[in-house]
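Colleague: One structure, as structure tokens, below. Some questions next.
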Amino acid sequence: MSAPLLEVRDLEVAFDTRRGRVKAVDGLSFSLGKGEIIALVGESGCGKSVAVRSVMKLLPEQTARYEAGSITLDGKDLLDLDDKAMQKIRGHDIALIFQDPMSSLNPVLTIGEQIGEAISRHQRVSRREVVERTIELLRRVGIPAPETRLKAYPHEFSGGMRQRVMIAMALSCNPRVILADEITTALDVTIQAQIMDLLKSLVADAGAAVVMITHDMGIVAGAAERVYVMYAGTVVETATTADLFARPAMPYTWGLLRSIPSLERPVDEPLVPIEGLPPNLARLEPGCRFRPRCAYRRAICGAAEPPLAPAPDGAEGHLARCWGLDPENGWLRDTDWTSDLGDAETMAEISAAAAQVQGEKR
Amino acid sequence: MTDTSEPILDIRNLTVRFGKVAAVNDMSLTLRRGETLGLVGESGSGKSTTSRAVLQINRPTSGEVWFDGEELVSASRTRLKALRQRMQMVFQDPRSSLDPRMTVEALLAEPLVIFGIGNRTLRRAKVAEMLRLVGLDPAVGSRYPHEFSGGQAQRIAIARALILEPELIIADEPVSALDVSIQAQIINLLVKLRTQLNLSMLFIAHDLAVVRHISDRVAVMYMGRVVELADRDRLYGAPAHPYTRALLSAVPVPDPAVEVHRKREILTGELPSPGRLPYGCAFRSRCPLHAALGRPEVCANVLPPLVPLAPNQSAACHFVSDASAAAARDQRGGVSA
Ligand SMILES: Nc1ncnc2c1ncn2[C@@H]1O[C@H](COP(=O)(O)OP(=O)(O)OP(=O)(O)O)[C@@H](O)[C@H]1O
Ligand SMILES: Nc1ncnc2c1ncn2[C@@H]1O[C@H](COP(=O)(O)OP(=O)(O)OP(=O)(O)O)[C@@H](O)[C@H]1O
Ligand code: SF4
Ligand SMILES: [Mg+2]
Ligand SMILES: [Mg+2]
């Protein structure tokens, strides 16, 4: 493979909070090639949004600290750039589409004004051209009768339409890297399919590359070439999409796949959630991050963090972080995750521990 | 849960207009006691507007909303306020529904305070119980909403809605911001709670797999109207309306091998502008069946009413029960049961 367009390596980002240091991203690595779509998936709070905001250097300056690692775009480390240089990159080279369109659109400006502003921020264009391009962008993202909607305010649009406006704004300067943070989450499926087609065509035609954050494994399956499964700030498994779904290697990924509601699955079969809560990042315990919720754990799991190592299926670039997969002493290398849900006694312990958390801390 | 009992919620000919836009257009829908009714449909089809109009947050332009035998559109403010304790809403956007200046504990206790329920100690215990119920560590009670990730914030909003143990929950995309493992916890939780508390629920979501998992019946909306209403198994097993069929075929399947070979009924054609709805069937401009039948005029001239096709299924399409149309439809493929 050629040199990656965007590479995040061993990134560590922490927040200073009243309760101490919260390490939101802890040793995260991923890379994005030209024309590639990758997906970051994982539990709420595992650091996906912080990771993509780090790439844009959009974290609150007072409290956020980049503690280690690098973020390189075309070989240039963005962490070395000053604010002015970053301004040039934002929107122009890398665009971030936020998860939460209502709080990122300005409620007192019209849709036309906001997209127009995004267009003229990086380019010198006439007013008429701005209007024409705004209409064109809105059409491209599937807003009906766009010329009549320029004077509308965000609250007059439905959630799905606002998300499409956000996408139109991000596309205004033809960025090379698009960071898409849960952009299809609020949309119904026919528009979702259109937006994913749109993203795929931007990749195919304009050579853009996309980092997609989603919790929808269906979307991952249909669009991403590679998946990074994150847990508590770090990658616990990565593989090509085909490998990940065919031979998921470690317990957290198994848990994710088991909890998906699907049109194919019997309705009366309850979903299997992952019991317990993600760890409090301010007080991470040593060992495997998933250990407190893992029904397959053994003594070694509490001793040290397992390395991100080649998965048992031997596919290239399939890596997983779990002691159970250790080539010497691993006990999960041949486990059938669809039938073996882990140790029943351990599972009971996990439920009991989850109930206790609230008892002790008040 | 019997069909003969009085419905908990009865929406009759509801219309909500914003200027020229009829966000909800002469819509009727009944929620049976103890039932979960899924509401799905196009972005902008009026699902949120419906839910807000039910609670009188948006005043309906016309129509009636009956809650447990009382009409809400004509109800007094004081009466509405009293009834609101029994109907709670979980919003689509957790951040804008949680006051950023209040701690999580204060946010959750607030409804109890407003309705004068319990004392300080009891409220504290209840707050802790609710946080645990939605999968949060009660120690987070002293934090503020902005310190939470999107999914965590939504769980707080759900806890806040459930704390008054309401009879009716209107949940507008309550799990769409959550990742799958927590989604499963919340869905299992809602399923458990609705039996425990005999909760009736209007469940709005765009994820048809989630809706299938939780709903007894499902209503499909398009441009402010219900175009299909059916029992869960019927709707997913034998969808009748061409829009429902297109929706189901667009659901992404979490299996790359399936996704690669999947035949999608990608809807083409312009969405009509909500302010200038076409005469006749609003789905006409994008309807694969309309196209397959050579664009019959009746679709352009006559609004198709929601008519029963079977005891547990109705659809609003002129050609849905037509045998030749069904053949044309089946030829085009779609999801099978
Ligand atoms: N400004 C901040 N100050 C303190 N902590 C923060 C801040 N922003 C995020 N965090 C913490 O960092 C962690 C990662 O948050 P992030 O928003 O990246 O999660 P996420 O993976 O995007 O989750 P979701 O799927 O819910 O959006 C969380 O534990 C969150 O509480
Ligand atoms: N306050 C308002 N002023 C003007 N128009 C509005 C207002 N609220 C909603 N609308 C319009 O009403 C229609 C229905 O919107 P609504 O938010 O109910 O859709 P929805 O089905 O909930 O969509 P989504 O799935 O995107 O949330 C849309 O055309 C929207 O633009
Ligand atoms: S290292 Fe141990 S605790 Fe962690 S996922 Fe593997 S088996 Fe579970
Ligand atoms: Mg996020
Ligand atoms: Mg809505």
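Ligands are numbered from 1 in the order shown, chains are lettered A, B, ... in the order of the structure tokens, and residues start at 1 in each chain.
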Where in segment 14-97 of chain B does DSSP assign strand (DSSP E or B), given as a ChimeraX atom specification?
Modeller: /B:14-18,21-31,36-41,62-67,70-71,87-90
Colleague: Any chance you could tabulate, as CSV, the residues of chain B at most 12 Å from ligand 1 with each one's nearest atom pair and distance in Å to one decimal, using only C-alpha atoms and all ligand atoms, in chain and rising number order?
Modeller:
```
residue,atom,partner,partner_atom_place_in_ligand_line,distance
B:Pro94,CA,ligand 1,26 (O),11.1
B:Arg95,CA,ligand 1,26 (O),11.6
B:Leu136,CA,ligand 1,29 (O),11.9
B:Val140,CA,ligand 1,31 (O),10.3
B:Arg143,CA,ligand 1,31 (O),10.0
B:Tyr144,CA,ligand 1,4 (C),10.2
B:Pro145,CA,ligand 1,31 (O),9.5
B:His146,CA,ligand 1,1 (N),7.3
B:Glu147,CA,ligand 1,31 (O),5.2
B:Phe148,CA,ligand 1,31 (O),4.3
B:Ser149,CA,ligand 1,26 (O),4.2
B:Gly150,CA,ligand 1,26 (O),4.0
B:Gly151,CA,ligand 1,26 (O),3.7
B:Gln152,CA,ligand 1,26 (O),5.9
B:Ala153,CA,ligand 1,26 (O),7.9
B:Gln154,CA,ligand 1,26 (O),8.7
B:Arg155,CA,ligand 1,26 (O),10.0
B:Val175,CA,ligand 1,26 (O),11.0
B:Ser176,CA,ligand 1,25 (O),10.2
B:Ala177,CA,ligand 1,26 (O),6.9
B:Leu178,CA,ligand 1,25 (O),6.3
B:Asp179,CA,ligand 1,25 (O),6.1
B:Val180,CA,ligand 1,25 (O),9.8
B:Ser181,CA,ligand 1,25 (O),11.0
B:Ile182,CA,ligand 1,26 (O),10.0
B:Gln183,CA,ligand 1,25 (O),11.1
```
Colleague: What's the 9 Å shell around segment 109-117 of chain A, counting only C-alpha atoms, without same-chain residues fewer than 4 positions away, as a count of residues only?
Modeller: 22
Colleague: Using only C-alpha atoms, which of B:Arg132, B:Arg194, B:His318, B:Arg286 sits nearest chain A?
Modeller: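 When distances to chain A are compared using only C-alpha atoms, the smallest one comes from B:Arg132.
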Colleague: Give as a PyMOL selection string the residues surrounding ligand 3 up to a distance of 8 Å, considering only C-alpha atoms and all ligand atoms.
Modeller: chain A and resi 250-252+287-298+300-302+305-306+321-325+332
Colleague: Go through B:Arg234, B:His206, B:Arg284, B:Arg84 one by one, measure the shortest atom-to-atom distance of each to chain A using only C-alpha atoms, and give the residue with the smallest value.
Modeller: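 Of B:Arg234, B:His206, B:Arg284, B:Arg84, the one nearest chain A is B:His206, counting only C-alpha atoms.
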Colleague: For a quick check of understanding, using only C-alpha atoms and all ligand atoms, which of A:Phe15, A:Phe98, A:Tyr66, A:Phe30 has the smallest distance to ligand 4?
Modeller: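 Between A:Phe15, A:Phe98, A:Tyr66, A:Phe30, the residue approaching ligand 4 most closely is A:Phe98.
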Colleague: Write out as a list of chain:residue names each polymer residue whose atoms come within 8 Å of segment 124-128 of chain B, counting only C-alpha atoms; drop sequence neighbours fewer than 6 positions from it.
Modeller: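 The contact residues come out as A:Gln358, B:Glu105, B:Leu108, B:Ala109, B:Pro138, B:Gly141, B:Ile163.
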Colleague: Between B:Leu190, B:Val258, B:Ala157, B:Ala184, which is the closest to His215 of chain A once you count only C-alpha atoms?
Modeller: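 Result for the nearest residue to His215 of chain A: B:Ala184.
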